[in-house]
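Dumped data-v1.pdb below, it's PDB, C-alpha atoms:
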ATOM      1  CA  MET A   1     -56.736 -52.221-259.880
ATOM      2  CA  THR A   2     -56.644 -49.654-257.111
ATOM      3  CA  THR A   3     -59.426 -48.427-254.912
ATOM      4  CA  VAL A   4     -60.405 -44.912-254.001
ATOM      5  CA  VAL A   5     -58.605 -43.410-251.038
ATOM      6  CA  GLY A   6     -61.315 -42.887-248.470
ATOM      7  CA  MET A   7     -61.937 -41.988-244.877
ATOM      8  CA  LYS A   8     -60.334 -44.226-242.329
ATOM      9  CA  SER A   9     -61.565 -44.433-238.773
ATOM     10  CA  HIS A  10     -59.204 -44.297-235.804
ATOM     11  CA  ARG A  11     -60.011 -48.012-235.455
ATOM     12  CA  PRO A  12     -57.967 -50.000-237.983
ATOM     13  CA  ASP A  13     -60.639 -52.655-238.442
ATOM     14  CA  LYS A  14     -63.105 -50.181-239.951
ATOM     15  CA  ILE A  15     -63.766 -50.222-243.652
ATOM     16  CA  ALA A  16     -62.766 -47.119-245.637
ATOM     17  CA  ALA A  17     -65.440 -44.666-246.784
ATOM     18  CA  SER A  18     -66.128 -41.908-249.278
ATOM     19  CA  ILE A  19     -68.864 -39.279-249.065
ATOM     20  CA  GLU A  20     -71.109 -37.289-251.381
ATOM     21  CA  VAL A  21     -71.807 -33.530-251.398
ATOM     22  CA  ALA A  22     -73.736 -31.087-253.564
ATOM     23  CA  PRO A  23     -71.737 -28.548-255.593
ATOM     24  CA  ARG A  24     -72.954 -25.623-253.490
ATOM     25  CA  GLN A  25     -71.981 -27.434-250.304
ATOM     26  CA  ALA A  26     -68.520 -28.008-251.722
ATOM     27  CA  ILE A  27     -68.152 -24.322-252.581
ATOM     28  CA  GLU A  28     -69.878 -22.633-249.645
ATOM     29  CA  SER A  29     -69.776 -24.891-246.574
ATOM     30  CA  SER A  30     -67.678 -23.339-243.814
ATOM     31  CA  ASP A  31     -67.671 -26.689-242.012
ATOM     32  CA  LEU A  32     -65.959 -28.566-244.837
ATOM     33  CA  PRO A  33     -62.332 -27.602-244.027
ATOM     34  CA  GLY A  34     -60.900 -30.266-241.728
ATOM     35  CA  MET A  35     -64.181 -32.154-241.574
ATOM     36  CA  PHE A  36     -62.661 -35.322-243.077
ATOM     37  CA  PRO A  37     -59.160 -36.813-243.067
ATOM     38  CA  ALA A  38     -56.821 -35.694-245.842
ATOM     39  CA  GLY A  39     -57.273 -37.722-249.003
ATOM     40  CA  THR A  40     -60.937 -38.476-248.401
ATOM     41  CA  SER A  41     -62.819 -39.071-251.652
ATOM     42  CA  VAL A  42     -65.556 -36.449-251.871
ATOM     43  CA  TYR A  43     -68.042 -37.125-254.672
ATOM     44  CA  ILE A  44     -69.710 -34.049-256.171
ATOM     45  CA  THR A  45     -73.248 -34.573-257.446
ATOM     46  CA  ASP A  46     -74.573 -33.419-260.804
ATOM     47  CA  ILE A  47     -78.342 -33.065-261.116
ATOM     48  CA  GLY A  48     -78.171 -31.118-264.360
ATOM     49  CA  THR A  49     -78.808 -27.634-262.954
ATOM     50  CA  ASP A  50     -75.253 -26.436-262.291
ATOM     51  CA  SER A  51     -72.966 -24.849-264.858
ATOM     52  CA  ASN A  52     -69.554 -26.227-265.742
ATOM     53  CA  GLU A  53     -68.014 -23.280-263.905
ATOM     54  CA  THR A  54     -69.893 -24.170-260.718
ATOM     55  CA  LEU A  55     -68.990 -27.854-260.950
ATOM     56  CA  VAL A  56     -65.323 -27.107-261.614
ATOM     57  CA  LYS A  57     -65.221 -24.546-258.797
ATOM     58  CA  ALA A  58     -66.672 -27.167-256.437
ATOM     59  CA  ALA A  59     -64.063 -29.742-257.451
ATOM     60  CA  ALA A  60     -61.258 -27.195-257.129
ATOM     61  CA  ARG A  61     -62.263 -26.269-253.577
ATOM     62  CA  VAL A  62     -62.483 -29.926-252.584
ATOM     63  CA  ARG A  63     -58.956 -30.388-253.968
ATOM     64  CA  ASP A  64     -57.697 -27.241-252.198
ATOM     65  CA  LEU A  65     -59.034 -28.570-248.877
ATOM     66  CA  GLY A  66     -56.880 -31.677-249.236
ATOM     67  CA  TYR A  67     -59.600 -34.086-250.314
ATOM     68  CA  GLU A  68     -59.934 -36.103-253.524
ATOM     69  CA  PRO A  69     -62.665 -34.608-255.750
ATOM     70  CA  VAL A  70     -64.803 -37.168-257.594
ATOM     71  CA  PRO A  71     -67.277 -35.257-259.789
ATOM     72  CA  HIS A  72     -70.334 -36.960-261.233
ATOM     73  CA  PHE A  73     -71.022 -37.102-264.959
ATOM     74  CA  ALA A  74     -74.702 -37.903-265.559
ATOM     75  CA  SER A  75     -74.738 -39.311-269.103
ATOM     76  CA  ARG A  76     -78.329 -38.614-270.148
ATOM     77  CA  ARG A  77     -78.131 -35.089-268.716
ATOM     78  CA  LEU A  78     -75.118 -34.177-270.860
ATOM     79  CA  THR A  79     -75.664 -32.138-274.022
ATOM     80  CA  THR A  80     -73.016 -32.430-276.755
ATOM     81  CA  ARG A  81     -69.697 -34.223-277.198
ATOM     82  CA  ASP A  82     -67.933 -30.858-277.332
ATOM     83  CA  ALA A  83     -69.538 -29.770-274.058
ATOM     84  CA  LEU A  84     -68.510 -33.028-272.405
ATOM     85  CA  GLU A  85     -64.923 -32.645-273.579
ATOM     86  CA  ASP A  86     -64.859 -29.067-272.325
ATOM     87  CA  ARG A  87     -66.019 -30.170-268.885
ATOM     88  CA  VAL A  88     -63.546 -33.043-268.677
ATOM     89  CA  LYS A  89     -60.701 -30.743-269.761
ATOM     90  CA  MET A  90     -61.695 -28.072-267.229
ATOM     91  CA  MET A  91     -61.970 -30.611-264.438
ATOM     92  CA  SER A  92     -58.540 -32.020-265.224
ATOM     93  CA  GLU A  93     -56.636 -28.795-265.857
ATOM     94  CA  ARG A  94     -58.274 -26.438-263.347
ATOM     95  CA  ALA A  95     -59.258 -28.780-260.510
ATOM     96  CA  GLY A  96     -56.714 -31.582-260.817
ATOM     97  CA  VAL A  97     -59.463 -34.195-261.160
ATOM     98  CA  ARG A  98     -58.171 -37.724-261.723
ATOM     99  CA  ASN A  99     -61.187 -39.646-260.463
ATOM    100  CA  VAL A 100     -64.844 -39.489-261.594
ATOM    101  CA  LEU A 101     -68.213 -41.219-261.343
ATOM    102  CA  ILE A 102     -70.168 -41.755-264.563
ATOM    103  CA  ILE A 103     -73.846 -42.665-264.178
ATOM    104  CA  GLY A 104     -76.854 -42.953-266.455
ATOM    105  CA  GLY A 105     -78.554 -39.840-265.165
ATOM    106  CA  GLY A 106     -82.092 -41.053-264.589
ATOM    107  CA  LEU A 107     -83.912 -39.165-267.359
ATOM    108  CA  GLU A 108     -86.498 -41.014-269.445
ATOM    109  CA  ARG A 109     -85.342 -39.077-272.497
ATOM    110  CA  GLN A 110     -81.715 -38.070-272.988
ATOM    111  CA  ALA A 111     -80.973 -34.356-273.060
ATOM    112  CA  GLY A 112     -78.282 -34.546-275.729
ATOM    113  CA  ASP A 113     -75.833 -36.858-277.473
ATOM    114  CA  PHE A 114     -75.574 -39.591-274.831
ATOM    115  CA  SER A 115     -78.024 -42.287-273.807
ATOM    116  CA  SER A 116     -75.734 -44.395-271.590
ATOM    117  CA  THR A 117     -72.591 -44.524-269.506
ATOM    118  CA  MET A 118     -70.869 -46.682-272.125
ATOM    119  CA  GLU A 119     -71.332 -43.998-274.770
ATOM    120  CA  VAL A 120     -69.628 -41.485-272.482
ATOM    121  CA  LEU A 121     -66.781 -43.880-271.698
ATOM    122  CA  GLU A 122     -66.229 -44.661-275.381
ATOM    123  CA  THR A 123     -65.521 -40.995-276.211
ATOM    124  CA  GLY A 124     -62.014 -41.478-274.799
ATOM    125  CA  PHE A 125     -62.085 -37.995-273.270
ATOM    126  CA  PHE A 126     -61.255 -39.155-269.754
ATOM    127  CA  ASP A 127     -58.156 -41.023-270.899
ATOM    128  CA  LYS A 128     -57.161 -38.059-273.078
ATOM    129  CA  TYR A 129     -57.101 -35.761-270.045
ATOM    130  CA  GLY A 130     -55.399 -38.158-267.645
ATOM    131  CA  ILE A 131     -58.436 -39.443-265.749
ATOM    132  CA  LYS A 132     -57.905 -43.170-265.182
ATOM    133  CA  LYS A 133     -60.009 -43.852-262.085
ATOM    134  CA  ILE A 134     -63.675 -44.185-262.992
ATOM    135  CA  ALA A 135     -66.670 -45.366-260.986
ATOM    136  CA  VAL A 136     -69.865 -46.705-262.545
ATOM    137  CA  ALA A 137     -73.222 -47.400-260.950
ATOM    138  CA  GLY A 138     -74.381 -50.648-259.361
ATOM    139  CA  HIS A 139     -77.959 -51.550-258.402
ATOM    140  CA  PRO A 140     -78.136 -54.265-255.710
ATOM    141  CA  GLU A 141     -81.919 -53.879-255.434
ATOM    142  CA  GLY A 142     -82.574 -53.503-259.136
ATOM    143  CA  SER A 143     -83.808 -50.453-260.999
ATOM    144  CA  PRO A 144     -87.245 -49.398-262.246
ATOM    145  CA  ASP A 145     -85.604 -48.420-265.550
ATOM    146  CA  PHE A 146     -84.127 -51.782-266.643
ATOM    147  CA  SER A 147     -84.014 -55.488-265.819
ATOM    148  CA  GLU A 148     -81.346 -57.239-263.759
ATOM    149  CA  GLU A 149     -79.958 -58.974-266.859
ATOM    150  CA  VAL A 150     -79.654 -55.647-268.695
ATOM    151  CA  ALA A 151     -77.801 -54.223-265.678
ATOM    152  CA  LEU A 152     -75.411 -57.187-265.551
ATOM    153  CA  GLN A 153     -74.704 -57.000-269.279
ATOM    154  CA  ALA A 154     -73.929 -53.291-268.919
ATOM    155  CA  LEU A 155     -71.410 -54.095-266.184
ATOM    156  CA  ARG A 156     -69.803 -56.769-268.383
ATOM    157  CA  LEU A 157     -69.394 -54.228-271.177
ATOM    158  CA  LYS A 158     -67.809 -51.765-268.770
ATOM    159  CA  LYS A 159     -65.430 -54.424-267.480
ATOM    160  CA  SER A 160     -64.412 -55.148-271.085
ATOM    161  CA  PHE A 161     -63.844 -51.427-271.650
ATOM    162  CA  ALA A 162     -61.606 -51.252-268.570
ATOM    163  CA  GLU A 163     -59.522 -54.182-269.773
ATOM    164  CA  ARG A 164     -58.875 -52.735-273.215
ATOM    165  CA  SER A 165     -58.328 -49.157-272.018
ATOM    166  CA  ASP A 166     -56.350 -49.751-268.805
ATOM    167  CA  THR A 167     -58.974 -47.775-266.874
ATOM    168  CA  GLN A 168     -59.190 -48.465-263.137
ATOM    169  CA  LEU A 169     -62.912 -49.150-262.994
ATOM    170  CA  ARG A 170     -64.981 -49.725-259.854
ATOM    171  CA  ILE A 171     -68.661 -50.082-259.000
ATOM    172  CA  VAL A 172     -70.343 -47.668-256.592
ATOM    173  CA  THR A 173     -73.869 -48.651-255.637
ATOM    174  CA  GLN A 174     -77.039 -46.818-254.792
ATOM    175  CA  PHE A 175     -77.798 -46.661-251.077
ATOM    176  CA  GLY A 176     -79.947 -49.188-249.251
ATOM    177  CA  PHE A 177     -80.746 -50.659-245.842
ATOM    178  CA  ASP A 178     -80.665 -54.432-246.307
ATOM    179  CA  ALA A 179     -77.026 -55.329-245.635
ATOM    180  CA  GLN A 180     -77.343 -59.009-246.518
ATOM    181  CA  LYS A 181     -78.936 -58.258-249.883
ATOM    182  CA  PHE A 182     -76.152 -55.817-250.758
ATOM    183  CA  ILE A 183     -73.432 -58.246-249.650
ATOM    184  CA  SER A 184     -74.969 -61.128-251.611
ATOM    185  CA  TRP A 185     -75.284 -58.955-254.721
ATOM    186  CA  ALA A 186     -71.624 -57.888-254.550
ATOM    187  CA  ASP A 187     -70.323 -61.387-253.917
ATOM    188  CA  GLY A 188     -72.537 -62.785-256.680
ATOM    189  CA  LEU A 189     -71.059 -60.572-259.417
ATOM    190  CA  LYS A 190     -68.108 -62.915-259.990
ATOM    191  CA  ALA A 191     -70.461 -65.670-261.127
ATOM    192  CA  HIS A 192     -71.607 -63.313-263.901
ATOM    193  CA  GLY A 193     -68.064 -62.607-265.065
ATOM    194  CA  ILE A 194     -67.741 -59.279-263.255
ATOM    195  CA  ASP A 195     -64.761 -58.887-260.942
ATOM    196  CA  MET A 196     -64.495 -55.143-260.387
ATOM    197  CA  PRO A 197     -64.059 -53.634-256.882
ATOM    198  CA  VAL A 198     -67.362 -52.697-255.223
ATOM    199  CA  HIS A 199     -68.133 -49.740-252.968
ATOM    200  CA  LEU A 200     -71.506 -50.220-251.248
ATOM    201  CA  GLY A 201     -73.775 -47.214-250.789
ATOM    202  CA  VAL A 202     -75.104 -46.504-247.302
ATOM    203  CA  ALA A 203     -77.191 -43.706-245.824
ATOM    204  CA  GLY A 204     -75.629 -41.718-243.021
ATOM    205  CA  PRO A 205     -77.559 -40.932-239.828
ATOM    206  CA  ALA A 206     -80.853 -39.215-240.630
ATOM    207  CA  LYS A 207     -84.508 -39.173-239.674
ATOM    208  CA  ILE A 208     -86.546 -42.110-240.946
ATOM    209  CA  THR A 209     -88.916 -39.736-242.748
ATOM    210  CA  THR A 210     -85.965 -38.060-244.497
ATOM    211  CA  LEU A 211     -84.610 -41.382-245.695
ATOM    212  CA  ILE A 212     -87.999 -42.486-247.026
ATOM    213  CA  LYS A 213     -88.233 -39.193-248.964
ATOM    214  CA  TYR A 214     -84.801 -39.621-250.543
ATOM    215  CA  ALA A 215     -85.407 -43.306-251.284
ATOM    216  CA  ALA A 216     -88.561 -42.326-253.182
ATOM    217  CA  MET A 217     -86.713 -39.578-255.089
ATOM    218  CA  CYS A 218     -83.902 -41.967-256.052
ATOM    219  CA  GLY A 219     -86.223 -44.752-257.167
ATOM    220  CA  VAL A 220     -85.037 -47.360-254.681
ATOM    221  CA  GLY A 221     -88.454 -48.787-253.919
ATOM    222  CA  ASN A 222     -87.208 -51.952-252.249
ATOM    223  CA  SER A 223     -85.304 -49.801-249.773
ATOM    224  CA  ILE A 224     -88.489 -47.944-248.909
ATOM    225  CA  SER A 225     -90.292 -51.232-248.249
ATOM    226  CA  PHE A 226     -87.427 -52.568-246.136
ATOM    227  CA  LEU A 227     -87.173 -49.324-244.183
ATOM    228  CA  LYS A 228     -90.909 -49.070-243.539
ATOM    229  CA  LYS A 229     -91.036 -52.703-242.443
ATOM    230  CA  ASN A 230     -88.355 -52.033-239.851
ATOM    231  CA  ALA A 231     -89.284 -48.441-239.013
ATOM    232  CA  LEU A 232     -91.714 -49.317-236.235
ATOM    233  CA  SER A 233     -89.033 -50.928-234.091
ATOM    234  CA  LEU A 234     -86.559 -48.168-234.930
ATOM    235  CA  THR A 235     -88.892 -45.306-234.109
ATOM    236  CA  THR A 236     -89.728 -46.760-230.717
ATOM    237  CA  LEU A 237     -86.078 -46.074-229.885
ATOM    238  CA  ALA A 238     -85.343 -42.904-231.832
ATOM    239  CA  THR A 239     -86.374 -40.535-234.577
ATOM    240  CA  SER A 240     -83.227 -41.373-236.520
ATOM    241  CA  HIS A 241     -81.810 -44.298-238.439
ATOM    242  CA  SER A 242     -78.421 -45.650-237.390
ATOM    243  CA  PRO A 243     -76.089 -46.596-240.249
ATOM    244  CA  GLU A 244     -74.588 -49.264-237.981
ATOM    245  CA  THR A 245     -77.357 -51.699-238.951
ATOM    246  CA  MET A 246     -76.043 -51.570-242.515
ATOM    247  CA  VAL A 247     -72.330 -50.953-242.025
ATOM    248  CA  GLY A 248     -71.719 -53.391-239.163
ATOM    249  CA  PRO A 249     -72.613 -56.524-241.175
ATOM    250  CA  ILE A 250     -70.647 -55.215-244.186
ATOM    251  CA  GLU A 251     -67.525 -54.695-242.084
ATOM    252  CA  ASP A 252     -67.883 -58.119-240.479
ATOM    253  CA  HIS A 253     -68.218 -59.692-243.910
ATOM    254  CA  VAL A 254     -65.155 -57.913-245.313
ATOM    255  CA  ARG A 255     -63.021 -58.908-242.324
ATOM    256  CA  ASN A 256     -64.023 -62.559-242.626
ATOM    257  CA  ASN A 257     -64.075 -63.033-246.416
ATOM    258  CA  VAL A 258     -60.857 -62.255-248.240
ATOM    259  CA  ASP A 259     -62.404 -63.010-251.645
ATOM    260  CA  THR A 260     -65.206 -60.452-251.423
ATOM    261  CA  PRO A 261     -65.033 -57.621-253.997
ATOM    262  CA  ILE A 262     -66.325 -55.154-251.394
ATOM    263  CA  ARG A 263     -63.623 -52.563-250.750
ATOM    264  CA  GLN A 264     -65.365 -49.741-248.930
ATOM    265  CA  ILE A 265     -68.600 -47.873-248.316
ATOM    266  CA  HIS A 266     -69.923 -44.768-250.034
ATOM    267  CA  VAL A 267     -71.931 -42.563-247.686
ATOM    268  CA  PHE A 268     -74.925 -40.398-248.579
ATOM    269  CA  ALA A 269     -75.161 -37.599-246.011
ATOM    270  CA  PHE A 270     -78.938 -37.142-246.030
ATOM    271  CA  GLY A 271     -78.877 -36.069-242.378
ATOM    272  CA  GLY A 272     -76.213 -33.417-242.964
ATOM    273  CA  LEU A 273     -72.452 -33.405-243.397
ATOM    274  CA  LYS A 274     -71.627 -32.606-239.781
ATOM    275  CA  LYS A 275     -73.678 -35.423-238.289
ATOM    276  CA  THR A 276     -72.388 -37.825-240.914
ATOM    277  CA  SER A 277     -68.753 -36.906-240.277
ATOM    278  CA  GLU A 278     -69.253 -37.395-236.529
ATOM    279  CA  TRP A 279     -70.673 -40.851-237.156
ATOM    280  CA  LEU A 280     -67.803 -41.760-239.478
ATOM    281  CA  GLU A 281     -65.285 -40.746-236.838
ATOM    282  CA  HIS A 282     -66.992 -42.652-234.043
ATOM    283  CA  ARG A 283     -68.747 -45.494-235.866
ATOM    284  CA  GLY A 284     -68.965 -48.663-233.889
ATOM    285  CA  THR A 285     -69.875 -46.632-230.803
ATOM    286  CA  TRP A 286     -72.877 -44.801-232.292
ATOM    287  CA  ASP A 287     -75.918 -44.748-230.002
ATOM    288  CA  ILE A 288     -79.138 -45.457-231.898
ATOM    289  CA  LYS A 289     -81.220 -44.106-228.989
ATOM    290  CA  THR A 290     -79.700 -40.640-229.214
ATOM    291  CA  SER A 291     -78.078 -40.683-232.661
ATOM    292  CA  LEU A 292     -74.919 -39.564-230.898
ATOM    293  CA  TYR A 293     -71.611 -41.140-229.970
ATOM    294  CA  PRO A 294     -71.125 -41.809-226.230
ATOM    295  CA  SER A 295     -69.129 -38.703-225.264
ATOM    296  CA  ALA A 296     -71.721 -36.425-226.860
ATOM    297  CA  ALA A 297     -74.637 -38.412-225.457
ATOM    298  CA  ASN A 298     -73.188 -38.235-221.943
ATOM    299  CA  ALA A 299     -72.713 -34.501-222.255
ATOM    300  CA  GLN A 300     -76.449 -34.093-222.724
ATOM    301  CA  ASN A 301     -77.313 -36.047-219.558
TER     302      ASN A 301
END
Once you've parsed the file, please lay out its structure as structure tokens.
Amino acid sequence: MTTVVGMKSHRPDKIAASIEVAPRQAIESSDLPGMFPAGTSVYITDIGTDSNETLVKAAARVRDLGYEPVPHFASRRLTTRDALEDRVKMMSERAGVRNVLIIGGGLERQAGDFSSTMEVLETGFFDKYGIKKIAVAGHPEGSPDFSEEVALQALRLKKSFAERSDTQLRIVTQFGFDAQKFISWADGLKAHGIDMPVHLGVAGPAKITTLIKYAAMCGVGNSISFLKKNALSLTTLATSHSPETMVGPIEDHVRNNVDTPIRQIHVFAFGGLKKTSEWLEHRGTWDIKTSLYPSAANAQN
């Protein structure tokens, strides 16, 4: 199996990364050209409010800028099989999409024909239109919608699908702040018969209050508890969270454990694309006191 081409720091010992943007950001942001290295995997979110035309236009611009577009398909937000096939065909033929993320979608009641990621995978539409690289969701801290055993069984079914369809399947997780919990979850998958590559979700630099808001919106309650527990010490130093507390231990683990399934990080730019891209370029030297890298911090003194 292959992994997603992601951002690579100027330091060769840094783990690769992908990033996530909203469709309108992908279409309209004047900062996006040249913001990331060529080939960076840019995931394009789908919250159910954008038309196929908007989503395809977003993916096409990401492709035109030299990045790898990875559009989301939120299963329970999809309507009909025909509409899904139309979107997959448009993404493939008009935006050159060869890489997608398929998630549940988070709705209590499905909007159309699909109740799960597996049902979307089983349509065969992605294979039909030449899309072989597919990411599915992982939940290191659990989910309020289903038990851990249900989540593990779903991953086993997806692994089985990959084996019989020759799909290059990987797991991309929700974001969190407890590095050791995420590492242990990823390394523990093999014991449950799951050996797919794992991309761990991390939050880019952002204010603590912003992260708590997004954690609540995304239903990652354990992350909120962990963040609040550690927020007092963080806010005595700064108003922002440094991703280094999450990414540093992950990178150390990957360097020292050749058998780990962890392949890269997936970054949620809650603090903005520009700040996140600066951190990605200079990670390892990020200053938690200023939320800047040294050259920028010195310029302000």
Rounded to one decimal in Å, what is the spacing between atom CA of A:Pro37 and atom CA of A:Val62? 12.2 Å
Rounded to one decimal in Å, what is the spacing between atom CA of A:Ala59 and atom CA of A:Thr276?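 Those two atoms sit 20.2 Å apart.
Of the residues listed (A:Val70, A:Ala95, A:Val247, A:Ile19), A:Val70 shows the shortest atom-to-atom separation from A:Lys133; distances use all atoms listed in the file.
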Select, from A:Ala186, A:Ala60, A:Glu20, A:Gly176, the residue with the minimum atom-to-atom distance to A:Glu93, counting all atoms listed in the file. A:Ala60
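You will find atom CA of A:Leu280 at 11.2 Å from atom CA of A:His266.
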Residues of stretch 21-102 of chain A within 10 Å of stretch 159-175 of chain A: nearest atom pair and distance (Å, one decimal) for each, counting all atoms listed in the file, sorted by chain and number, as CSV?
residue,atom,partner,partner_atom,distance
A:Asn99,CA,A:Gln168,CA,9.4
A:Val100,CA,A:Leu169,CA,10.0
A:Leu101,CA,A:Val172,CA,8.3
A:Ile102,CA,A:Val172,CA,9.9
Just write the chosen residues, C-alpha atoms, as a compact mmCIF listing (two decimals), in the frame of the given file.
# COMPACT_ATOMS: atom_id res chain seq x y z
CA ASN A 99 -61.19 -39.65 -260.46
CA VAL A 100 -64.84 -39.49 -261.59
CA LEU A 101 -68.21 -41.22 -261.34
CA ILE A 102 -70.17 -41.76 -264.56
Counting only C-alpha atoms, what is within 8 Å of A:Thr260, bar same-chain residues fewer than 2 positions away, as a PDB file with C-alpha atoms, in the frame of the given file?
ATOM      1  CA  ALA A 186     -71.624 -57.888-254.550  1.00  0.00           C
ATOM      2  CA  ASP A 187     -70.323 -61.387-253.917  1.00  0.00           C
ATOM      3  CA  VAL A 254     -65.155 -57.913-245.313  1.00  0.00           C
ATOM      4  CA  ASN A 257     -64.075 -63.033-246.416  1.00  0.00           C
ATOM      5  CA  VAL A 258     -60.857 -62.255-248.240  1.00  0.00           C
ATOM      6  CA  ILE A 262     -66.325 -55.154-251.394  1.00  0.00           C
TER       7      ILE A 262
END
Pull out every residue that the PyMOL selection byres ((chain A and resi 61) around 12) matches in the shown coordinates and put them as an MDAnalysis selection string. chainID A and resid 23:30 32:33 42 44 54:60 62:70 91 94:97
Nearest to A:Arg263, chosen from A:Gly104, A:Pro249, A:Pro205, A:Pro197, with all atoms listed in the file counted in the distances: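 Among A:Gly104, A:Pro249, A:Pro205, A:Pro197, it is A:Pro197 that comes nearest to A:Arg263.
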Determine the nearest neighbour of A:Thr45 from the options A:Ser143, A:Leu78, A:Ile103, A:Gly112, counting all atoms listed in the file.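 For A:Thr45, the nearest of the given residues is A:Ile103.
The smallest atom-to-atom distance between A:Lys89 and any of A:His241, A:Lys213, A:Lys158, A:Lys128, using only C-alpha atoms, is found for A:Lys128.
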Matched chain/residue IDs from the PyMOL selection byres ((chain A and resi 265) around 8), as a CSV table (one decimal) with C-alpha atoms, keeping the file's coordinate frame:
chain,number,residue,atom,x,y,z
A,15,ILE,CA,-63.8,-50.2,-243.7
A,16,ALA,CA,-62.8,-47.1,-245.6
A,17,ALA,CA,-65.4,-44.7,-246.8
A,18,SER,CA,-66.1,-41.9,-249.3
A,199,HIS,CA,-68.1,-49.7,-253.0
A,200,LEU,CA,-71.5,-50.2,-251.2
A,201,GLY,CA,-73.8,-47.2,-250.8
A,202,VAL,CA,-75.1,-46.5,-247.3
A,247,VAL,CA,-72.3,-51.0,-242.0
A,263,ARG,CA,-63.6,-52.6,-250.8
A,264,GLN,CA,-65.4,-49.7,-248.9
A,266,HIS,CA,-69.9,-44.8,-250.0
A,267,VAL,CA,-71.9,-42.6,-247.7
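Residue nearest A:Ala191, chosen from A:Ala137, A:Leu152, A:Val120, A:Thr209 and counting all atoms listed in the file: A:Leu152.
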Around all of stretch 78-87 of chain A's listed atoms, make the axis-aligned box with 6 Å on each side and tell me centre and edge lengths in Å to one decimal, as lines of an AutoDock Vina configuration file.
center_x = -70.3
center_y = -31.6
center_z = -273.1
size_x = 22.8
size_y = 17.2
size_z = 20.4
Find the residues around A:Ser115 up to 7 Å (all atoms listed in the file counted), leave out those fewer than 4 positions away in its own chain, and share them as a short mmCIF file (atom, residue, chain, number, x, y, z; two decimals) with C-alpha atoms, in the frame of the given file.
data_model
loop_
_atom_site.label_atom_id
_atom_site.label_comp_id
_atom_site.auth_asym_id
_atom_site.auth_seq_id
_atom_site.Cartn_x
_atom_site.Cartn_y
_atom_site.Cartn_z
CA SER A 75 -74.74 -39.31 -269.10
CA ARG A 76 -78.33 -38.61 -270.15
CA GLN A 110 -81.72 -38.07 -272.99
CA GLU A 119 -71.33 -44.00 -274.77
#
Could you write stretch 137-147 of chain A as a PDB file, in the coordinates of the input, with N, CA, C and O atoms rebuilt where they are missing?
ATOM      1  N   ALA A 137     -72.149 -47.105-261.900  1.00  0.00           N
ATOM      2  CA  ALA A 137     -73.222 -47.400-260.950  1.00  0.00           C
ATOM      3  C   ALA A 137     -73.516 -48.891-260.834  1.00  0.00           C
ATOM      4  O   ALA A 137     -73.428 -49.642-261.815  1.00  0.00           O
ATOM      5  N   GLY A 138     -73.885 -49.303-259.618  1.00  0.00           N
ATOM      6  CA  GLY A 138     -74.381 -50.648-259.361  1.00  0.00           C
ATOM      7  C   GLY A 138     -75.731 -50.567-258.680  1.00  0.00           C
ATOM      8  O   GLY A 138     -76.013 -49.614-257.953  1.00  0.00           O
ATOM      9  N   HIS A 139     -76.582 -51.581-258.908  1.00  0.00           N
ATOM     10  CA  HIS A 139     -77.959 -51.550-258.402  1.00  0.00           C
ATOM     11  C   HIS A 139     -78.298 -52.865-257.695  1.00  0.00           C
ATOM     12  O   HIS A 139     -78.923 -53.751-258.287  1.00  0.00           O
ATOM     13  N   PRO A 140     -77.884 -53.016-256.431  1.00  0.00           N
ATOM     14  CA  PRO A 140     -78.136 -54.265-255.710  1.00  0.00           C
ATOM     15  C   PRO A 140     -79.609 -54.619-255.567  1.00  0.00           C
ATOM     16  O   PRO A 140     -79.954 -55.800-255.432  1.00  0.00           O
ATOM     17  N   GLU A 141     -80.486 -53.615-255.588  1.00  0.00           N
ATOM     18  CA  GLU A 141     -81.919 -53.879-255.434  1.00  0.00           C
ATOM     19  C   GLU A 141     -82.671 -53.729-256.750  1.00  0.00           C
ATOM     20  O   GLU A 141     -83.888 -53.657-256.769  1.00  0.00           O
ATOM     21  N   GLY A 142     -81.933 -53.678-257.852  1.00  0.00           N
ATOM     22  CA  GLY A 142     -82.574 -53.503-259.136  1.00  0.00           C
ATOM     23  C   GLY A 142     -82.884 -52.041-259.419  1.00  0.00           C
ATOM     24  O   GLY A 142     -82.620 -51.157-258.621  1.00  0.00           O
ATOM     25  N   SER A 143     -83.451 -51.809-260.583  1.00  0.00           N
ATOM     26  CA  SER A 143     -83.808 -50.453-260.999  1.00  0.00           C
ATOM     27  C   SER A 143     -85.158 -50.493-261.693  1.00  0.00           C
ATOM     28  O   SER A 143     -85.471 -51.461-262.398  1.00  0.00           O
ATOM     29  N   PRO A 144     -85.961 -49.440-261.521  1.00  0.00           N
ATOM     30  CA  PRO A 144     -87.245 -49.398-262.246  1.00  0.00           C
ATOM     31  C   PRO A 144     -87.059 -49.154-263.733  1.00  0.00           C
ATOM     32  O   PRO A 144     -88.002 -49.307-264.515  1.00  0.00           O
ATOM     33  N   ASP A 145     -85.840 -48.797-264.159  1.00  0.00           N
ATOM     34  CA  ASP A 145     -85.604 -48.420-265.550  1.00  0.00           C
ATOM     35  C   ASP A 145     -85.138 -49.567-266.438  1.00  0.00           C
ATOM     36  O   ASP A 145     -85.183 -49.453-267.662  1.00  0.00           O
ATOM     37  N   PHE A 146     -84.635 -50.673-265.834  1.00  0.00           N
ATOM     38  CA  PHE A 146     -84.127 -51.782-266.643  1.00  0.00           C
ATOM     39  C   PHE A 146     -84.088 -53.049-265.808  1.00  0.00           C
ATOM     40  O   PHE A 146     -84.129 -53.008-264.573  1.00  0.00           O
ATOM     41  N   SER A 147     -84.005 -54.196-266.489  1.00  0.00           N
ATOM     42  CA  SER A 147     -84.014 -55.488-265.819  1.00  0.00           C
ATOM     43  C   SER A 147     -82.646 -55.803-265.218  1.00  0.00           C
ATOM     44  O   SER A 147     -81.637 -55.171-265.557  1.00  0.00           O
TER      45      SER A 147
END
